[in-house]
Amino acid sequence: MTVRLVPYLVMDGNANEAIEFYEKALDAQVLFKQTFGEMPENPEYPLPENTKNLISHATIKVGETELMFSDAFPGQAHQIGTNVTICISTDDAEKAQKYFDGLQDGGRVEMPLQETFFSPAYGSVIDKFGVFFQIFTEGK
């Protein structure tokens, strides 16, 4: 079983620019990059054409550390205070559930832990101290 805590930066439409900046400034290596337009379509949330090139998820590596990025989801406001989150990444769905349950005690669930197209168990919660966590289970 693996568990990693990764800083996750939510940008205001400039994630591509930030990634390019960190590539040069920090000798970062892009490990993964996907736009909203490359995601499977969801008829409940149609994407405006001008948002399809925004980053839905990216990972870069700086030295031995990873940073994750996305642009704010189209239609959702970019909010200072939740623009840096902690992504808890594990390959164990039971451990993901344990972390999620523990963090929601006294906190607020933003997205229930559930299966998504990119993870068998993904959710987000703001703990009782106001820290925003994403729980991500690897292996889809």
# chains A, B, ... in the order shown; residues from 1 in each chain; ligands from 1

call {"tool": "closest_atom_pairs", "arguments": {"of": "stretch 57-100 of chain A", "to": "stretch 4-23 of chain A", "cutoff": "7 Å", "atoms": "only C-alpha atoms", "output": "CSV"}}
result
residue,atom,partner,partner_atom,distance
A:Glu66,CA,A:Val6,CA,6.4
A:Leu67,CA,A:Pro7,CA,5.5
A:Met68,CA,A:Tyr8,CA,4.6
A:Phe69,CA,A:Leu9,CA,4.8
A:Ser70,CA,A:Val10,CA,5.0
A:Asp71,CA,A:Met11,CA,4.5
A:Ala72,CA,A:Val10,CA,5.9
A:His78,CA,A:Asp12,CA,5.7
A:Asn83,CA,A:Val10,CA,4.5
A:Val84,CA,A:Leu9,CA,4.7
A:Thr85,CA,A:Tyr8,CA,5.0
A:Ile86,CA,A:Pro7,CA,4.8
A:Cys87,CA,A:Val6,CA,5.0
A:Ile88,CA,A:Leu5,CA,4.7
A:Ser89,CA,A:Arg4,CA,5.2
A:Thr90,CA,A:Arg4,CA,6.6

call {"tool": "residues_around", "arguments": {"residues": "A:Lys33", "least_positions_apart": "2", "cutoff": "7 Å", "atoms": "only C-alpha atoms", "output": "JSON, numbers by chain"}}
result
{"A": [35, 57, 58, 59]}

call {"tool": "closest_residue", "arguments": {"among": "A:Asn50, A:Ser124, A:Gln29, A:Gln97", "to": "A:Glu64", "atoms": "only C-alpha atoms"}}
result
A:Gln29

call {"tool": "select_by_dssp", "arguments": {"residues": "chain A", "states": "alpha helix (DSSP H)", "output": "PDB file with N, CA and C atoms, in the first residue's frame"}}
result
ATOM      1  N   ALA A  15      -3.337  27.651 -15.656  1.00  0.00           N
ATOM      2  CA  ALA A  15      -2.543  26.484 -15.242  1.00  0.00           C
ATOM      3  C   ALA A  15      -1.453  26.163 -16.268  1.00  0.00           C
ATOM      4  N   ASN A  16      -1.769  26.240 -17.559  1.00  0.00           N
ATOM      5  CA  ASN A  16      -0.741  25.981 -18.579  1.00  0.00           C
ATOM      6  C   ASN A  16       0.433  26.927 -18.422  1.00  0.00           C
ATOM      7  N   GLU A  17       0.144  28.197 -18.203  1.00  0.00           N
ATOM      8  CA  GLU A  17       1.194  29.195 -18.010  1.00  0.00           C
ATOM      9  C   GLU A  17       2.021  28.872 -16.764  1.00  0.00           C
ATOM     10  N   ALA A  18       1.345  28.476 -15.676  1.00  0.00           N
ATOM     11  CA  ALA A  18       2.047  28.146 -14.436  1.00  0.00           C
ATOM     12  C   ALA A  18       2.946  26.927 -14.636  1.00  0.00           C
ATOM     13  N   ILE A  19       2.457  25.925 -15.337  1.00  0.00           N
ATOM     14  CA  ILE A  19       3.248  24.714 -15.584  1.00  0.00           C
ATOM     15  C   ILE A  19       4.496  25.070 -16.389  1.00  0.00           C
ATOM     16  N   GLU A  20       4.335  25.860 -17.439  1.00  0.00           N
ATOM     17  CA  GLU A  20       5.493  26.277 -18.245  1.00  0.00           C
ATOM     18  C   GLU A  20       6.478  27.086 -17.406  1.00  0.00           C
ATOM     19  N   PHE A  21       5.968  27.942 -16.542  1.00  0.00           N
ATOM     20  CA  PHE A  21       6.815  28.740 -15.662  1.00  0.00           C
ATOM     21  C   PHE A  21       7.645  27.837 -14.745  1.00  0.00           C
ATOM     22  N   TYR A  22       6.993  26.849 -14.106  1.00  0.00           N
ATOM     23  CA  TYR A  22       7.702  25.956 -13.183  1.00  0.00           C
ATOM     24  C   TYR A  22       8.653  25.018 -13.924  1.00  0.00           C
ATOM     25  N   GLU A  23       8.341  24.671 -15.172  1.00  0.00           N
ATOM     26  CA  GLU A  23       9.281  23.881 -15.967  1.00  0.00           C
ATOM     27  C   GLU A  23      10.612  24.626 -16.093  1.00  0.00           C
ATOM     28  N   LYS A  24      10.533  25.922 -16.367  1.00  0.00           N
ATOM     29  CA  LYS A  24      11.747  26.723 -16.549  1.00  0.00           C
ATOM     30  C   LYS A  24      12.378  27.098 -15.209  1.00  0.00           C
ATOM     31  N   ALA A  25      11.571  27.604 -14.285  1.00  0.00           N
ATOM     32  CA  ALA A  25      12.103  28.125 -13.021  1.00  0.00           C
ATOM     33  C   ALA A  25      12.624  27.028 -12.106  1.00  0.00           C
ATOM     34  N   LEU A  26      11.989  25.851 -12.119  1.00  0.00           N
ATOM     35  CA  LEU A  26      12.336  24.792 -11.171  1.00  0.00           C
ATOM     36  C   LEU A  26      12.827  23.512 -11.851  1.00  0.00           C
ATOM     37  N   ALA A  93      -8.407   1.459  -1.587  1.00  0.00           N
ATOM     38  CA  ALA A  93      -9.721   2.095  -1.462  1.00  0.00           C
ATOM     39  C   ALA A  93     -10.228   2.100  -0.018  1.00  0.00           C
ATOM     40  N   GLU A  94      -9.915   1.063   0.750  1.00  0.00           N
ATOM     41  CA  GLU A  94     -10.340   1.033   2.155  1.00  0.00           C
ATOM     42  C   GLU A  94      -9.640   2.128   2.949  1.00  0.00           C
ATOM     43  N   LYS A  95      -8.364   2.332   2.682  1.00  0.00           N
ATOM     44  CA  LYS A  95      -7.610   3.389   3.354  1.00  0.00           C
ATOM     45  C   LYS A  95      -8.156   4.761   2.931  1.00  0.00           C
ATOM     46  N   ALA A  96      -8.502   4.905   1.654  1.00  0.00           N
ATOM     47  CA  ALA A  96      -9.096   6.158   1.171  1.00  0.00           C
ATOM     48  C   ALA A  96     -10.378   6.461   1.935  1.00  0.00           C
ATOM     49  N   GLN A  97     -11.209   5.439   2.132  1.00  0.00           N
ATOM     50  CA  GLN A  97     -12.466   5.621   2.873  1.00  0.00           C
ATOM     51  C   GLN A  97     -12.191   6.011   4.318  1.00  0.00           C
ATOM     52  N   LYS A  98     -11.186   5.390   4.937  1.00  0.00           N
ATOM     53  CA  LYS A  98     -10.821   5.701   6.322  1.00  0.00           C
ATOM     54  C   LYS A  98     -10.385   7.160   6.440  1.00  0.00           C
ATOM     55  N   TYR A  99      -9.514   7.602   5.526  1.00  0.00           N
ATOM     56  CA  TYR A  99      -9.052   8.988   5.552  1.00  0.00           C
ATOM     57  C   TYR A  99     -10.217   9.951   5.345  1.00  0.00           C
ATOM     58  N   PHE A 100     -11.064   9.648   4.370  1.00  0.00           N
ATOM     59  CA  PHE A 100     -12.207  10.507   4.067  1.00  0.00           C
ATOM     60  C   PHE A 100     -13.126  10.627   5.278  1.00  0.00           C
ATOM     61  N   ASP A 101     -13.458   9.480   5.883  1.00  0.00           N
ATOM     62  CA  ASP A 101     -14.336   9.483   7.063  1.00  0.00           C
ATOM     63  C   ASP A 101     -13.713  10.265   8.208  1.00  0.00           C
ATOM     64  N   GLY A 102     -12.416  10.073   8.424  1.00  0.00           N
ATOM     65  CA  GLY A 102     -11.741  10.775   9.513  1.00  0.00           C
ATOM     66  C   GLY A 102     -11.719  12.275   9.303  1.00  0.00           C
ATOM     67  N   LEU A 103     -11.440  12.718   8.085  1.00  0.00           N
ATOM     68  CA  LEU A 103     -11.343  14.150   7.813  1.00  0.00           C
ATOM     69  C   LEU A 103     -12.696  14.855   7.825  1.00  0.00           C
ATOM     70  N   GLN A 104     -13.780  14.131   7.513  1.00  0.00           N
ATOM     71  CA  GLN A 104     -15.079  14.788   7.492  1.00  0.00           C
ATOM     72  C   GLN A 104     -15.665  14.971   8.898  1.00  0.00           C
TER      73      GLN A 104
END

call {"tool": "select_by_dssp", "arguments": {"residues": "stretch 48-85 of chain A", "states": "strand (DSSP E)", "output": "number ranges by chain"}}
result
A: 55-62, 65-71, 84-85

call {"tool": "closest_residue", "arguments": {"among": "A:Phe117, A:Leu54, A:Asp27, A:Asp91", "to": "A:Pro40", "atoms": "only C-alpha atoms"}}
result
A:Phe117
